[in-house]
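Undergrad: Attaching a single structure in structure tokens format; questions to follow.
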Amino acid sequence: MTPLNRQQIAWRVGQDFENGMLVNLGLGMPVNCSDYIREGREVVIQSENGVIGAGPLASPNAADSDLVDAGSRKITIAPGGTVIDSAWSFAMIRGGHIDVTVLGAFEVAANGDLANWDNRIPDKGPLVGGAMDLAAAAKEVWVMMDHTTRKGAPRLLGACTLPLTAPSCVTRIYTDLAVIWRDAEGFLVKEIVAGLSREDLQSRTGAPLRFAPDCGVLAAPDIAEKD
Amino acid sequence: MTPLNRQQIAWRVGQDFENGMLVNLGLGMPVNCSDYIREGREVVIQSENGVIGAGPLASPNAADSDLVDAGSRKITIAPGGTVIDSAWSFAMIRGGHIDVTVLGAFEVAANGDLANWDNRIPDKGPLVGGAMDLAAAAKEVWVMMDHTTRKGAPRLLGACTLPLTAPSCVTRIYTDLAVIWRDAEGFLVKEIVAGLSREDLQSRTGAPLRFAPDCGVLAAPDIAEKD
Amino acid sequence: MAIDKRVGSAAEAVADIGEGAVVMISGFGGAGFANSLVLALRDRKVGGLTLVVNSATHPLSQTHTLIEAGLVRKVICSAARGRGADLSPFELLYKAGKIELTVLPQGTFADSIRAGGAGIPAYYTPAAYGTGLGEGKETRRFNGRDYVLEEAITADVAFVRGDIADRFGNLTFRHAQKNFGPAMATAAKLTIAEVRVAQSEPIAPDRIELPGVFVNRVVTA
Amino acid sequence: MAIDKRVGSAAEAVADIGEGAVVMISGFGGAGFANSLVLALRDRKVGGLTLVVNSATHPLSQTHTLIEAGLVRKVICSAARGRGADLSPFELLYKAGKIELTVLPQGTFADSIRAGGAGIPAYYTPAAYGTGLGEGKETRRFNGRDYVLEEAITADVAFVRGDIADRFGNLTFRHAQKNFGPAMATAAKLTIAEVRVAQSEPIAPDRIELPGVFVNRVVTA
């Protein structure tokens, strides 16, 4: 059994972006998804600092400190892109105009509850950013994360233990082991990595799994992990 | 006794615009005030359709049907002017950024109540436009109107009889007979046309008048009435 | 498959607007009326419409043609008075009790549309407090001042007039053409823009006034 | 006397900001920080400030210098976590109970500032409902969905970073420099813009991104 690395998870998410979608990608792992949009599809990447149509990272000699995304990365503007102010950018988010937001997470519950902003690190200040607005208002909230913690504890749970970002919002979870849709009845496995049994996946998951009739193999091309 | 004509009232209002003020002028008589700003003063005229820095009417050969004010007049943009959308224009109004709005009125009460939107014309549809937003939120609401109705009934009253535009908002009234400030105690006459006694002015007014210690003569240069 | 929101005609652009639709129409003071789309909708003859339009009676708007054709059930606006003493098509139907009307202060009209597009279900405004238009509305005091609660306005379709569009649906506006267009585009399930020029080439990022993500179809008119 | 909002230096621009002022500071993601004004304010050494700033800890912002100098009583922000395991100046003071903090979802932060400039005292948003940040806040259901009531944020002063200004205070922004600048400029009693170029000649009407009526002083920095 070979779990996907993070770039491979990003690749897998990227395959599911449809032509013309407006997509917001969270800081960290999710921003990599835009590298893996299928040939021939145009997807508009929204960054919550107001870049509508974010392009790839700028080359070092084209980098412009005024052209950044919400993660402070020096980026480019894709053809057809523009920049709006933060109030309008969040009006776009809150107004339900984002087709999909892809977010990292600490925990996801079977009822769709998301915990991704407060890991209770002692003494460190809070950082919520745009996570609550995105989770509350995007048409779909897709989570990408490792299936378990480094210590092997499940991140897909019956109920979140960490502070919530938004209740009942997650619609899909892409992990290193599986692709799981979340519906009114809980978790529904759509794909599972080769060599991992359904029982093994269930044992690494803190809530009951159902398996889709067409449950397939989660596979990705060889892509090296980045820093 | 010679009452001011409407252009002369507009002239008198125009004398009181200070340098740098942001001023909104209502449809009808008030838009003429911008013709009478004192030499050397720059005043920014806001039209609620979003023109910030409205200039004079366009000459016939420069008229552009896309460059209009809230009264559908083909105008120009003054140096430093721009155009914003209606939501932002009314955010500017509602947010208290307008220093002065000059509005026409049917009635003004001694407590500052303004009635300028509904004259109870049978069968005609209602038209409120931006009047309520302006009256409720401008820092100062100046009214310009004839002192009495055509039949001689007072328009400055103890209480308005027509539907209100906003309560307790009017700070000044410029009429063909007088300039009157409105404060917590009611009407305070600051200027009165030559040849009209204080008693005569009071008899044409439906609420008690006080006269300022420095009450002066309301006079304007000869300006022909326009259509 | 590249994004391309340009369609061939106004008729094609409005072809799926159904009976009873709530339709926003841009335009104010003579500028920015989406008249080609309005006329195309009239030609479809679908009735029971609710119009969200600043004025029900502006002489340069074609809104009256929908009203005269009997297609309009309700109007939400800030102005519904025809010019002069004669009654306008709207006023005749309103007098006859054949059309519903909601009149809002223009700033409330504008911000309720903005709220509709911004996911804000309701907000407080000082406009209309203590007036007939505020009667029956919930009120509340903040910091010693009284406000009325106003709810968001959304629509099935928005008709917006712009100047230049590109294949992404990005728009520019000429001067006062802008007015209610940007807010309405955000508040409707389907936004259709009629423009002077609909080009393939992207508009420069710093010239775009309405991001194309708010626009679904573009037609030259 | 023509309008001319340009002043000679950042020090002059902030010279009348007093003890206990509420100060908004633009900037997000590394762009649009009004750092020259922040440093000039630090040099004035007026204390008891409340900062309204997206992040209390962004490494490219000079906000931390106000905090380190002990001039800040309270921070309203959406991000207050320093990078890495070491505690930032803000975190050290916060841990010691010497600084107050209000954390808001970023969209709430943005729209509360917008509301502050738009005369809207309060509005409903879905963000933070059912979370710790929504605890203690008034909630209400509209159309089957739950929202929290959020109040407007206003300030005594806003520091905004722009690209070009003219004598009227009109501003343009470069790319993502815009972020919170336009909203903050509307929500403060006094708005000061620092820009790359402050020219006498008016900016073309269709290039202006923030009307000068929202800007009181302009300084080149």
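Starting from 1 in every chain, residues are counted up; chains themselves are A, B, ... following the order of the structure tokens, and ligands are numbered from 1 as listed.
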Least-squares align chain B to chain A using all Cα atoms paired by position, then dump the moved coordinates as a compact mmCIF listing (two decimals) with C-alpha atoms, in the first residue's frame.

TA:
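See part19.txt below for the written result:
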```txt
# COMPACT_ATOMS: atom_id res chain seq x y z
CA MET B 1 0.04 -0.02 0.01
CA THR B 2 1.48 3.33 -1.05
CA PRO B 3 -0.20 6.45 0.30
CA LEU B 4 -0.26 9.49 -1.99
CA ASN B 5 2.21 12.21 -1.19
CA ARG B 6 0.89 15.76 -0.85
CA GLN B 7 1.55 16.73 -4.44
CA GLN B 8 -0.30 13.62 -5.55
CA ILE B 9 -3.27 14.56 -3.39
CA ALA B 10 -3.19 18.02 -4.98
CA TRP B 11 -3.07 16.33 -8.39
CA ARG B 12 -6.08 14.21 -7.53
CA VAL B 13 -8.07 17.28 -6.39
CA GLY B 14 -7.04 19.14 -9.52
CA GLN B 15 -8.58 16.43 -11.71
CA ASP B 16 -12.01 17.30 -10.32
CA PHE B 17 -12.02 20.99 -11.25
CA GLU B 18 -14.48 21.51 -14.09
CA ASN B 19 -14.18 24.04 -16.87
CA GLY B 20 -15.21 27.54 -15.82
CA MET B 21 -15.24 26.86 -12.10
CA LEU B 22 -14.37 29.61 -9.61
CA VAL B 23 -12.05 27.97 -7.08
CA ASN B 24 -10.43 29.24 -3.90
CA LEU B 25 -7.37 27.37 -2.66
CA GLY B 26 -6.34 27.53 0.98
CA LEU B 27 -2.83 28.30 2.20
CA GLY B 28 -0.37 25.43 2.35
CA MET B 29 -1.10 22.25 0.43
CA PRO B 30 -4.25 23.39 -1.40
CA VAL B 31 -2.54 26.13 -3.46
CA ASN B 32 -0.69 23.36 -5.30
CA CYS B 33 -3.94 22.08 -6.83
CA SER B 34 -3.84 24.77 -9.49
CA ASP B 35 -0.77 23.07 -10.99
CA TYR B 36 -2.86 20.03 -11.88
CA ILE B 37 -5.89 21.31 -13.75
CA ARG B 38 -6.73 19.07 -16.69
CA GLU B 39 -5.57 19.99 -20.14
CA GLY B 40 -8.10 22.15 -21.94
CA ARG B 41 -9.95 23.28 -18.85
CA GLU B 42 -9.96 26.89 -17.71
CA VAL B 43 -10.48 27.35 -14.00
CA VAL B 44 -10.56 30.76 -12.30
CA ILE B 45 -8.51 30.78 -9.10
CA GLN B 46 -9.69 33.24 -6.47
CA SER B 47 -7.35 34.34 -3.74
CA GLU B 48 -9.17 35.99 -0.87
CA ASN B 49 -6.90 39.04 -0.92
CA GLY B 50 -8.78 39.98 -4.10
CA VAL B 51 -6.89 38.38 -6.96
CA ILE B 52 -9.56 36.91 -9.23
CA GLY B 53 -7.77 34.74 -11.76
CA ALA B 54 -4.51 34.03 -9.96
CA GLY B 55 -1.86 32.60 -12.25
CA PRO B 56 1.28 30.57 -11.52
CA LEU B 57 4.05 31.77 -9.23
CA ALA B 58 6.07 34.60 -10.75
CA SER B 59 9.52 33.80 -12.06
CA PRO B 60 12.19 35.39 -9.85
CA ASN B 61 12.89 38.22 -12.29
CA ALA B 62 9.19 38.98 -12.78
CA ALA B 63 8.28 38.82 -9.09
CA ASP B 64 6.41 41.92 -7.91
CA SER B 65 5.87 42.55 -4.23
CA ASP B 66 2.52 44.18 -5.00
CA LEU B 67 1.25 41.10 -6.81
CA VAL B 68 0.78 38.47 -4.15
CA ASP B 69 -1.85 36.00 -3.08
CA ALA B 70 -3.39 35.62 0.36
CA GLY B 71 -0.41 33.48 1.35
CA SER B 72 2.07 36.26 0.47
CA ARG B 73 3.39 34.29 -2.50
CA LYS B 74 4.49 36.38 -5.47
CA ILE B 75 2.21 35.28 -8.25
CA THR B 76 1.04 36.28 -11.71
CA ILE B 77 -2.41 37.16 -13.02
CA ALA B 78 -3.90 34.66 -15.43
CA PRO B 79 -5.48 35.84 -18.71
CA GLY B 80 -8.83 37.37 -17.87
CA GLY B 81 -7.83 37.96 -14.26
CA THR B 82 -8.12 41.13 -12.20
CA VAL B 83 -7.80 42.41 -8.65
CA ILE B 84 -10.62 43.66 -6.42
CA ASP B 85 -10.52 44.98 -2.87
CA SER B 86 -10.95 42.79 0.20
CA ALA B 87 -14.50 43.89 0.98
CA TRP B 88 -15.60 42.88 -2.49
CA SER B 89 -13.50 39.72 -2.42
CA PHE B 90 -15.26 38.55 0.71
CA ALA B 91 -18.61 39.67 -0.67
CA MET B 92 -17.83 37.25 -3.50
CA ILE B 93 -16.99 34.53 -0.98
CA ARG B 94 -19.85 35.18 1.44
CA GLY B 95 -22.30 35.54 -1.42
CA GLY B 96 -21.81 31.93 -2.46
CA HIS B 97 -20.02 32.69 -5.71
CA ILE B 98 -17.11 30.32 -5.04
CA ASP B 99 -17.86 26.96 -6.65
CA VAL B 100 -15.26 25.10 -4.64
CA THR B 101 -12.88 26.01 -1.86
CA VAL B 102 -10.13 23.53 -1.10
CA LEU B 103 -8.95 23.76 2.49
CA GLY B 104 -6.54 21.93 4.72
CA ALA B 105 -7.98 20.57 7.95
CA PHE B 106 -7.15 19.09 11.32
CA GLU B 107 -10.45 17.24 11.61
CA VAL B 108 -13.64 16.61 9.63
CA ALA B 109 -16.76 15.10 11.19
CA ALA B 110 -19.30 12.82 9.55
CA ASN B 111 -21.88 15.61 9.72
CA GLY B 112 -19.55 17.85 7.70
CA ASP B 113 -18.22 19.89 10.61
CA LEU B 114 -14.79 21.31 9.83
CA ALA B 115 -11.97 22.13 12.27
CA ASN B 116 -9.06 23.76 10.51
CA TRP B 117 -8.17 26.98 12.27
CA ASP B 118 -7.31 26.39 15.91
CA ASN B 119 -4.97 23.52 16.82
CA ARG B 120 -4.68 24.79 20.40
CA ILE B 121 -0.98 25.54 20.26
CA PRO B 122 -0.10 27.01 23.68
CA ASP B 123 0.67 30.75 23.72
CA LYS B 124 0.56 31.21 19.95
CA GLY B 125 -1.91 33.84 18.81
CA PRO B 126 -5.07 32.94 16.92
CA LEU B 127 -5.20 32.99 13.13
CA VAL B 128 -8.55 32.59 11.43
CA GLY B 129 -8.05 34.52 8.20
CA GLY B 130 -10.69 33.77 5.61
CA ALA B 131 -11.29 30.16 6.63
CA MET B 132 -14.64 30.72 8.36
CA ASP B 133 -16.06 32.80 5.52
CA LEU B 134 -14.94 30.26 2.95
CA ALA B 135 -16.19 27.27 4.91
CA ALA B 136 -19.53 28.90 5.65
CA ALA B 137 -20.29 30.19 2.18
CA ALA B 138 -18.55 28.32 -0.67
CA LYS B 139 -20.90 26.10 -2.68
CA GLU B 140 -18.60 23.16 -1.99
CA VAL B 141 -15.91 22.74 0.64
CA TRP B 142 -13.30 20.16 -0.28
CA VAL B 143 -10.75 19.19 2.32
CA MET B 144 -7.32 17.80 1.53
CA MET B 145 -5.33 16.33 4.40
CA ASP B 146 -3.47 13.29 5.61
CA HIS B 147 -5.95 10.61 6.57
CA THR B 148 -4.51 10.39 10.10
CA THR B 149 -2.29 12.43 12.39
CA ARG B 150 1.43 11.70 12.52
CA LYS B 151 0.70 9.53 15.51
CA GLY B 152 -1.88 7.56 13.55
CA ALA B 153 -5.01 9.01 15.14
CA PRO B 154 -7.94 9.49 12.79
CA ARG B 155 -8.82 12.95 11.44
CA LEU B 156 -12.19 11.85 10.05
CA LEU B 157 -14.35 11.63 13.14
CA GLY B 158 -17.84 11.20 14.51
CA ALA B 159 -17.50 14.65 16.01
CA CYS B 160 -14.70 17.20 15.91
CA THR B 161 -12.66 17.66 19.09
CA LEU B 162 -11.00 20.92 18.01
CA PRO B 163 -12.76 24.30 17.66
CA LEU B 164 -14.98 24.41 14.58
CA THR B 165 -14.36 26.54 11.51
CA ALA B 166 -17.94 26.02 10.34
CA PRO B 167 -20.62 23.45 11.00
CA SER B 168 -21.80 20.98 8.39
CA CYS B 169 -19.93 22.37 5.41
CA VAL B 170 -17.49 19.76 4.05
CA THR B 171 -18.64 17.96 0.90
CA ARG B 172 -15.49 16.03 -0.06
CA ILE B 173 -12.28 14.85 1.60
CA TYR B 174 -9.15 13.97 -0.36
CA THR B 175 -6.57 12.15 1.74
CA ASP B 176 -3.40 10.19 1.11
CA LEU B 177 -5.51 7.04 1.35
CA ALA B 178 -8.92 7.80 -0.10
CA VAL B 179 -11.37 10.12 -1.78
CA ILE B 180 -14.47 10.46 0.36
CA TRP B 181 -17.69 12.32 -0.27
CA ARG B 182 -19.66 13.60 2.65
CA ASP B 183 -23.44 13.55 2.41
CA ALA B 184 -26.41 13.64 4.78
CA GLU B 185 -25.64 10.08 5.90
CA GLY B 186 -21.96 10.63 6.55
CA PHE B 187 -18.81 9.47 4.76
CA LEU B 188 -19.01 7.70 1.40
CA VAL B 189 -15.75 6.32 0.02
CA LYS B 190 -15.35 6.88 -3.71
CA GLU B 191 -11.70 5.81 -4.16
CA ILE B 192 -9.18 3.94 -2.04
CA VAL B 193 -5.46 3.41 -2.63
CA ALA B 194 -4.40 0.03 -4.02
CA GLY B 195 -3.36 -2.49 -1.40
CA LEU B 196 -5.44 -0.99 1.41
CA SER B 197 -8.46 -3.00 2.45
CA ARG B 198 -11.77 -1.43 3.28
CA GLU B 199 -11.36 -2.72 6.82
CA ASP B 200 -7.91 -1.10 7.10
CA LEU B 201 -9.31 2.24 5.89
CA GLN B 202 -12.17 1.95 8.38
CA SER B 203 -9.68 1.25 11.18
CA ARG B 204 -7.91 4.52 10.41
CA THR B 205 -11.17 6.45 10.40
CA GLY B 206 -13.14 7.62 13.45
CA ALA B 207 -16.62 7.31 11.97
CA PRO B 208 -18.46 4.71 9.91
CA LEU B 209 -17.54 4.54 6.24
CA ARG B 210 -19.87 3.56 3.45
CA PHE B 211 -18.38 2.48 0.15
CA ALA B 212 -19.84 3.67 -3.12
CA PRO B 213 -21.00 0.93 -5.50
CA ASP B 214 -18.50 2.27 -8.03
CA CYS B 215 -15.73 2.69 -5.44
CA GLY B 216 -12.49 2.73 -7.42
CA VAL B 217 -8.75 2.87 -6.99
CA LEU B 218 -7.13 6.12 -5.86
CA ALA B 219 -4.05 6.46 -8.04
CA ALA B 220 -1.89 9.37 -9.12
CA PRO B 221 1.09 9.71 -11.42
CA ASP B 222 4.56 9.85 -9.90
CA ILE B 223 5.07 13.41 -8.66
CA ALA B 224 7.91 14.28 -6.31
CA GLU B 225 6.99 15.89 -3.01
CA LYS B 226 7.98 19.55 -2.77
CA ASP B 227 9.28 21.30 0.30
```

Undergrad: Using only C-alpha atoms, select each residue of chain C with any atom at most 6 Å away from an atom of chain B, and give the selection as a ChimeraX atom specification.

TA: /C:29-31,78-81,91,105-107,110-111,127-128,131,175-180

Undergrad: Give the residues of chain C that lie within 8 Å of chain D; count only C-alpha atoms, and format the answer as a VMD selection string.

TA: chain C and resid 119 to 126 142 175 206 to 207

Undergrad: DSSP says strand (DSSP E or B) for which residues of range 2-199 of chain A? Put them as a ChimeraX atom specification?

TA: /A:22-25,44-47,51-57,68,74-83,100-103,107-109,114-115,127,140-144,148,154,156-157,166,170-174,178-183,186-193

Undergrad: Enter the distance from CA of Pro211 in chain D to CA of Ser26 in chain D, in Å, rounded to one decimal.

TA: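 We find that CA of Pro211 in chain D and CA of Ser26 in chain D lie 16.5 Å from each other.
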
Undergrad: Work out how far CA of Gly48 in chain D is from CA of Ile153 in chain D, in Å to one decimal.

TA: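 If I compute the distance from CA of Ile153 in chain D to CA of Gly48 in chain D, I get 17.7 Å.
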
Undergrad: What does the structure give for the distance between CA of Gly47 in chain D and CA of Ala13 in chain D, in Å to one decimal?

TA: 17.5 Å

Undergrad: Step one, run DSSP on the backbone; step two, keep only residues of range 14-193 of chain A assigned to alpha helix (DSSP H); then write them as an MDAnalysis selection string.

TA: chainID A and resid 14:15 86:94 131:137

Undergrad: Hey, what's within 6 Å of Val22 in chain D if we count only C-alpha atoms and toss same-chain stuff fewer than 6 positions away? As a PyMOL selection string, please?

TA: chain D and resi 49-51+155-156

Undergrad: Write a file of the selected residues as an mmCIF file, in the first residue's frame, keeping C-alpha atoms.

TA:
```
data_model
loop_
_atom_site.group_PDB
_atom_site.id
_atom_site.type_symbol
_atom_site.label_atom_id
_atom_site.label_comp_id
_atom_site.auth_asym_id
_atom_site.auth_seq_id
_atom_site.Cartn_x
_atom_site.Cartn_y
_atom_site.Cartn_z
ATOM 1 C CA LEU D 49 -3.730 52.830 20.484
ATOM 2 C CA THR D 50 -6.284 50.413 19.098
ATOM 3 C CA LEU D 51 -5.114 48.919 15.822
ATOM 4 C CA ALA D 155 -11.668 54.521 13.367
ATOM 5 C CA ASP D 156 -10.140 57.868 14.147
#
```

Undergrad: Just the residues within 10 Å of Leu190 in chain D, please, counting only C-alpha atoms, with nothing from its chain fewer than 3 positions along; format it as a list in words.

TA: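 Skipping anything fewer than 3 positions along the chain leaves Val14, Ile17, Val23, Ala155, Asp156, Val157, Ala158, Phe159, Ala185, Thr186, Ala187, Phe214, Val215, Asn216 and Arg217 of chain D.
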
Undergrad: Which residues are near range 63-77 of chain D? Cut-off 9 Å, only C-alpha atoms, ignore same chain within fewer than 4 positions. Put them as number ranges by chain.

TA: A: 127, 129; D: 19-20, 25, 33, 35, 38-39, 41-42, 45-59, 88-90, 93, 98-106, 109
